[in-house]
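Here's the structure we're looking at; comments come further down.
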Amino acid sequence: VLEPEGEGRDSFSYKPGQFLTIRIPSDRPGGAARCYSLCSTPLHDEKLKVTVKRTREGFGSNWLCDNAVEGNVLDVLRPAGTFTPRSLTDSFLLCAGGSGITPVMSILKSVLAAGTGLITLFYANQDETSIIFREELIALTAAYPGRLTVIHWLGTVQGLPDDATLSALSAPYVDREVFICGPGPFMDCVSRALEGLGMPSGQIHIER
């Protein structure tokens, strides 16, 4: 959770789905910086929040998970990125794999707060214990009955989702804009399924 200091506050307004670039303390030539998507929503006046998933050999994620504590001061670039809806009042299909839920969560919460559109979230994980934002998604589903539908896919139970499965899941939503974020093979599989349904490329947004 980040809070801009002093005069920098006004420079950190952002759109749902954008990311922050954080400088990681390092002796490496040229330093080190890593991008982390915002999971907060600008519509609720929340502080800036990012989700950092520790990855094996991950220089930035390991430093932040091991060292970041309340009161730290970090150098952070202004919010950036184009993985953002043109309107928050439409209905959406959101597809996330693993930690790819982070920018999708920002979009999801913003759309629920901004209008009356419907959201279907397809969320793939290895197992139930790896579901990021599990409790928050349960609370949001209860708070917005009829507007938010969450479809969980667990690899240990159902295996990896394939093109045919994703095509069947996506077919009812071909008239919606789609936002996809997750591991490369997951995003490629979702994209193929949507394209196979004849969805125009302009409706498909991917965050790599």
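Ligands are numbered from 1 in the order shown, chains are lettered A, B, ... in the order of the structure tokens, and residues start at 1 in each chain.
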
Under the rule of at most 8 Å, produce a per-residue listing of segment 15-35 of chain A near segment 67-91 of chain A: chain, number, name, the closest pair of atoms, and the distance in Å, as CSV, using only C-alpha atoms.
```
residue,atom,partner,partner_atom,distance
A:Lys15,CA,A:Thr84,CA,6.6
A:Pro16,CA,A:Thr84,CA,5.8
A:Gly17,CA,A:Thr84,CA,5.1
A:Gln18,CA,A:Gly81,CA,4.9
A:Phe19,CA,A:Pro79,CA,5.5
A:Leu20,CA,A:Pro79,CA,5.0
A:Thr21,CA,A:Leu77,CA,5.3
A:Ile22,CA,A:Val76,CA,4.6
A:Arg23,CA,A:Asp75,CA,5.4
A:Ile24,CA,A:Leu74,CA,8.0
```

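Residues in contact range of Pro161 of chain A, defined as at most 10 Å between only C-alpha atoms, with sequence neighbours fewer than 5 positions away removed, read Ala124, Trp153, Leu154, Gly155, Leu166, Phe186, Cys189 and Val190 of chain A.
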
Could you dump the residues just selected with N, CA, C and O atoms as a PDB file, in the first residue's frame?
```pdb
ATOM      1  N   ALA A 124      -8.309 -18.576 -13.386  1.00  0.00           N
ATOM      2  CA  ALA A 124      -7.618 -19.863 -13.351  1.00  0.00           C
ATOM      3  C   ALA A 124      -6.456 -19.832 -12.366  1.00  0.00           C
ATOM      4  O   ALA A 124      -5.662 -18.882 -12.360  1.00  0.00           O
ATOM      5  N   TRP A 153     -11.338 -21.822 -12.041  1.00  0.00           N
ATOM      6  CA  TRP A 153     -10.796 -22.998 -12.718  1.00  0.00           C
ATOM      7  C   TRP A 153      -9.531 -23.405 -11.969  1.00  0.00           C
ATOM      8  O   TRP A 153      -8.598 -22.609 -11.845  1.00  0.00           O
ATOM      9  N   LEU A 154      -9.505 -24.627 -11.434  1.00  0.00           N
ATOM     10  CA  LEU A 154      -8.371 -25.092 -10.641  1.00  0.00           C
ATOM     11  C   LEU A 154      -7.627 -26.196 -11.380  1.00  0.00           C
ATOM     12  O   LEU A 154      -8.210 -27.241 -11.709  1.00  0.00           O
ATOM     13  N   GLY A 155      -6.338 -25.965 -11.623  1.00  0.00           N
ATOM     14  CA  GLY A 155      -5.551 -26.912 -12.392  1.00  0.00           C
ATOM     15  C   GLY A 155      -5.467 -28.284 -11.764  1.00  0.00           C
ATOM     16  O   GLY A 155      -5.472 -29.310 -12.464  1.00  0.00           O
ATOM     17  N   LEU A 166     -12.416 -23.030 -23.249  1.00  0.00           N
ATOM     18  CA  LEU A 166     -12.484 -21.567 -23.179  1.00  0.00           C
ATOM     19  C   LEU A 166     -13.447 -21.006 -24.209  1.00  0.00           C
ATOM     20  O   LEU A 166     -14.117 -20.008 -23.969  1.00  0.00           O
ATOM     21  N   PHE A 186      -1.653 -19.104 -21.097  1.00  0.00           N
ATOM     22  CA  PHE A 186      -3.057 -18.882 -20.746  1.00  0.00           C
ATOM     23  C   PHE A 186      -3.657 -17.789 -21.625  1.00  0.00           C
ATOM     24  O   PHE A 186      -4.744 -17.952 -22.199  1.00  0.00           O
ATOM     25  N   CYS A 189      -4.146 -18.953 -25.182  1.00  0.00           N
ATOM     26  CA  CYS A 189      -5.275 -19.883 -25.296  1.00  0.00           C
ATOM     27  C   CYS A 189      -6.605 -19.144 -25.299  1.00  0.00           C
ATOM     28  O   CYS A 189      -7.482 -19.417 -26.125  1.00  0.00           O
ATOM     29  N   VAL A 190      -6.756 -18.171 -24.397  1.00  0.00           N
ATOM     30  CA  VAL A 190      -7.990 -17.379 -24.357  1.00  0.00           C
ATOM     31  C   VAL A 190      -8.162 -16.602 -25.660  1.00  0.00           C
ATOM     32  O   VAL A 190      -9.252 -16.549 -26.234  1.00  0.00           O
TER      33      VAL A 190
END
```

Notebook entry, point to check: Which residues come within 12 Å of Asp188 of chain A, counting only C-alpha atoms, excluding same-chain residues fewer than 4 positions away, as a VMD selection string?
Noted result: chain A and resid 95 to 97 161 to 163 166 180 to 184 192 to 195 204 to 208

Store the residues of this selection in a file with N, CA and C atoms, as a tab-separated table (two decimals), in the first residue's frame.
```tsv
chain	number	residue	atom	x	y	z
A	95	CYS	N	-10.71	-12.20	-17.88
A	95	CYS	CA	-10.04	-13.50	-17.82
A	95	CYS	C	-8.67	-13.33	-17.17
A	96	ALA	N	-8.45	-14.03	-16.07
A	96	ALA	CA	-7.20	-13.88	-15.33
A	96	ALA	C	-6.62	-15.25	-14.98
A	97	GLY	N	-5.29	-15.32	-15.01
A	97	GLY	CA	-4.60	-16.52	-14.57
A	97	GLY	C	-3.59	-16.15	-13.51
A	161	PRO	N	-6.89	-25.37	-18.79
A	161	PRO	CA	-7.99	-25.06	-19.71
A	161	PRO	C	-7.51	-25.11	-21.15
A	162	ASP	N	-8.31	-25.68	-22.04
A	162	ASP	CA	-7.92	-25.77	-23.44
A	162	ASP	C	-8.81	-24.87	-24.30
A	163	ASP	N	-8.49	-24.81	-25.59
A	163	ASP	CA	-9.20	-23.92	-26.50
A	163	ASP	C	-10.70	-24.21	-26.53
A	166	LEU	N	-12.42	-23.03	-23.25
A	166	LEU	CA	-12.48	-21.57	-23.18
A	166	LEU	C	-13.45	-21.01	-24.21
A	180	ILE	N	-7.70	-9.59	-20.60
A	180	ILE	CA	-7.01	-10.84	-20.31
A	180	ILE	C	-5.64	-10.55	-19.71
A	181	CYS	N	-5.32	-11.20	-18.60
A	181	CYS	CA	-3.99	-11.06	-18.01
A	181	CYS	C	-3.63	-12.35	-17.29
A	182	GLY	N	-2.38	-12.81	-17.47
A	182	GLY	CA	-1.94	-14.05	-16.82
A	182	GLY	C	-0.71	-14.58	-17.52
A	183	PRO	N	-0.34	-15.83	-17.26
A	183	PRO	CA	0.80	-16.44	-17.95
A	183	PRO	C	0.59	-16.45	-19.46
A	184	GLY	N	1.69	-16.37	-20.20
A	184	GLY	CA	1.62	-16.31	-21.66
A	184	GLY	C	0.77	-17.39	-22.30
A	192	ARG	N	-7.01	-17.27	-28.68
A	192	ARG	CA	-7.39	-18.18	-29.78
A	192	ARG	C	-8.87	-18.54	-29.70
A	193	ALA	N	-9.34	-18.80	-28.49
A	193	ALA	CA	-10.75	-19.16	-28.32
A	193	ALA	C	-11.66	-18.02	-28.75
A	194	LEU	N	-11.32	-16.81	-28.35
A	194	LEU	CA	-12.14	-15.65	-28.70
A	194	LEU	C	-12.11	-15.36	-30.19
A	195	GLU	N	-10.93	-15.46	-30.77
A	195	GLU	CA	-10.81	-15.23	-32.22
A	195	GLU	C	-11.59	-16.30	-32.99
A	204	ILE	N	-10.70	-7.23	-27.73
A	204	ILE	CA	-9.82	-8.07	-26.91
A	204	ILE	C	-8.62	-7.25	-26.43
A	205	HIS	N	-8.45	-7.16	-25.12
A	205	HIS	CA	-7.34	-6.39	-24.54
A	205	HIS	C	-6.48	-7.33	-23.71
A	206	ILE	N	-5.16	-7.29	-23.95
A	206	ILE	CA	-4.23	-8.20	-23.28
A	206	ILE	C	-3.13	-7.42	-22.61
A	207	GLU	N	-2.82	-7.80	-21.36
A	207	GLU	CA	-1.71	-7.17	-20.62
A	207	GLU	C	-0.58	-8.18	-20.50
A	208	ARG	N	0.52	-7.93	-21.22
A	208	ARG	CA	1.66	-8.82	-21.19
A	208	ARG	C	2.74	-8.21	-20.31
```

Margin query: Considering only C-alpha atoms, can you say which of A:Pro42, A:Gly58, A:Pro29, A:Gly198 comes closest to Val111 of chain A?
Written below: A:Pro42

Next item on the list: Among the residues of segment 47-176 of chain A, find those DSSP assigns to strand (DSSP E) from the backbone and print them as JSON, numbers by chain.
Entry: {"A": [92, 93, 94, 95, 96, 97, 119, 120, 121, 122, 123, 124, 125, 148, 149, 150, 151, 152, 153, 154]}

Can you write just those residues out, C-alpha atoms, as an mmCIF file, in the first residue's frame?
```cif
data_model
loop_
_atom_site.group_PDB
_atom_site.id
_atom_site.type_symbol
_atom_site.label_atom_id
_atom_site.label_comp_id
_atom_site.auth_asym_id
_atom_site.auth_seq_id
_atom_site.Cartn_x
_atom_site.Cartn_y
_atom_site.Cartn_z
ATOM 1 C CA PHE A 92 -17.225 -7.125 -19.479
ATOM 2 C CA LEU A 93 -15.668 -10.564 -19.655
ATOM 3 C CA LEU A 94 -12.508 -10.601 -17.528
ATOM 4 C CA CYS A 95 -10.044 -13.504 -17.815
ATOM 5 C CA ALA A 96 -7.197 -13.884 -15.330
ATOM 6 C CA GLY A 97 -4.599 -16.520 -14.571
ATOM 7 C CA ILE A 119 -19.084 -8.725 -15.108
ATOM 8 C CA THR A 120 -18.096 -12.324 -15.644
ATOM 9 C CA LEU A 121 -14.676 -13.206 -14.260
ATOM 10 C CA PHE A 122 -12.959 -16.404 -15.389
ATOM 11 C CA TYR A 123 -10.102 -17.006 -12.955
ATOM 12 C CA ALA A 124 -7.618 -19.863 -13.351
ATOM 13 C CA ASN A 125 -5.271 -21.025 -10.591
ATOM 14 C CA LEU A 148 -20.736 -10.246 -10.715
ATOM 15 C CA THR A 149 -20.237 -13.890 -11.681
ATOM 16 C CA VAL A 150 -16.937 -15.575 -10.801
ATOM 17 C CA ILE A 151 -15.966 -18.819 -12.543
ATOM 18 C CA HIS A 152 -13.003 -20.515 -10.868
ATOM 19 C CA TRP A 153 -10.796 -22.998 -12.718
ATOM 20 C CA LEU A 154 -8.371 -25.092 -10.641
#
```

Note to self: Using DSSP assignments from the backbone, pull out every residue in segment 67-205 of chain A that falls under alpha helix (DSSP H) and give it to me as a PyMOL selection string.
What the structure shows: chain A and resi 67+101-114+134-143+155-158+163-170+184-196

Long-range neighbours of segment 140-147 of chain A as a PDB file with N, CA, C and O atoms, in the first residue's frame, 10 Å cut-off, only C-alpha atoms, 5 positions minimum in chain:
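Full text of out_35.pdb as output:
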```
ATOM      1  N   SER A  91     -20.668  -3.839 -19.930  1.00  0.00           N
ATOM      2  CA  SER A  91     -20.499  -5.179 -19.377  1.00  0.00           C
ATOM      3  C   SER A  91     -19.207  -5.778 -19.920  1.00  0.00           C
ATOM      4  O   SER A  91     -18.804  -5.492 -21.054  1.00  0.00           O
ATOM      5  N   LEU A 108     -12.408  -4.657 -12.305  1.00  0.00           N
ATOM      6  CA  LEU A 108     -13.637  -5.259 -11.763  1.00  0.00           C
ATOM      7  C   LEU A 108     -14.284  -4.361 -10.711  1.00  0.00           C
ATOM      8  O   LEU A 108     -15.480  -4.043 -10.782  1.00  0.00           O
ATOM      9  N   LYS A 109     -13.494  -3.923  -9.745  1.00  0.00           N
ATOM     10  CA  LYS A 109     -14.041  -3.096  -8.659  1.00  0.00           C
ATOM     11  C   LYS A 109     -14.516  -1.741  -9.184  1.00  0.00           C
ATOM     12  O   LYS A 109     -15.525  -1.203  -8.704  1.00  0.00           O
ATOM     13  N   LEU A 112     -17.906  -2.201 -11.086  1.00  0.00           N
ATOM     14  CA  LEU A 112     -18.998  -2.407 -10.139  1.00  0.00           C
ATOM     15  C   LEU A 112     -19.396  -1.098  -9.464  1.00  0.00           C
ATOM     16  O   LEU A 112     -20.580  -0.861  -9.211  1.00  0.00           O
ATOM     17  N   ALA A 113     -18.420  -0.256  -9.186  1.00  0.00           N
ATOM     18  CA  ALA A 113     -18.699   1.001  -8.501  1.00  0.00           C
ATOM     19  C   ALA A 113     -19.271   2.061  -9.430  1.00  0.00           C
ATOM     20  O   ALA A 113     -20.019   2.940  -8.987  1.00  0.00           O
ATOM     21  N   THR A 116     -23.920  -0.014 -13.939  1.00  0.00           N
ATOM     22  CA  THR A 116     -24.831  -1.136 -13.720  1.00  0.00           C
ATOM     23  C   THR A 116     -24.481  -2.318 -14.616  1.00  0.00           C
ATOM     24  O   THR A 116     -25.251  -3.270 -14.708  1.00  0.00           O
ATOM     25  N   GLY A 117     -23.338  -2.249 -15.296  1.00  0.00           N
ATOM     26  CA  GLY A 117     -22.937  -3.315 -16.207  1.00  0.00           C
ATOM     27  C   GLY A 117     -22.665  -4.624 -15.491  1.00  0.00           C
ATOM     28  O   GLY A 117     -22.451  -4.668 -14.274  1.00  0.00           O
ATOM     29  N   LEU A 118     -22.682  -5.709 -16.275  1.00  0.00           N
ATOM     30  CA  LEU A 118     -22.444  -7.049 -15.749  1.00  0.00           C
ATOM     31  C   LEU A 118     -20.980  -7.439 -15.942  1.00  0.00           C
ATOM     32  O   LEU A 118     -20.342  -7.043 -16.917  1.00  0.00           O
ATOM     33  N   ILE A 119     -20.462  -8.243 -15.021  1.00  0.00           N
ATOM     34  CA  ILE A 119     -19.084  -8.725 -15.108  1.00  0.00           C
ATOM     35  C   ILE A 119     -19.075 -10.226 -14.911  1.00  0.00           C
ATOM     36  O   ILE A 119     -19.633 -10.744 -13.941  1.00  0.00           O
ATOM     37  N   THR A 120     -18.406 -10.914 -15.835  1.00  0.00           N
ATOM     38  CA  THR A 120     -18.096 -12.324 -15.644  1.00  0.00           C
ATOM     39  C   THR A 120     -16.586 -12.444 -15.563  1.00  0.00           C
ATOM     40  O   THR A 120     -15.866 -12.007 -16.462  1.00  0.00           O
ATOM     41  N   GLU A 135     -11.094 -14.015  -0.608  1.00  0.00           N
ATOM     42  CA  GLU A 135     -12.126 -13.511   0.305  1.00  0.00           C
ATOM     43  C   GLU A 135     -12.779 -12.246  -0.237  1.00  0.00           C
ATOM     44  O   GLU A 135     -13.986 -12.036  -0.076  1.00  0.00           O
TER      45      GLU A 135
END
```

Checklist line | Selected residue, from A:Arg56, A:Cys39, A:Pro185, A:Gly115, that lies nearest to Leu160 of chain A when counting only C-alpha atoms | finding: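 Answer, going by the shortest atom-to-atom distance: A:Pro185.
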
Note to self: So the first atom is atom CA of Leu48 of chain A and the second is atom CA of Glu3 of chain A; what is the distance between them in Å, to one decimal place?
What the structure shows: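 Between these atoms lies a distance of 6.4 Å.
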
Margin query: List as a ChimeraX atom specification the protein and nucleic acid residues near Ser40 of chain A, meaning an atom at most 7 Å away when only C-alpha atoms are counted, but skip any in the same chain fewer than 3 places from it.
Written below: /A:46,48-49,106
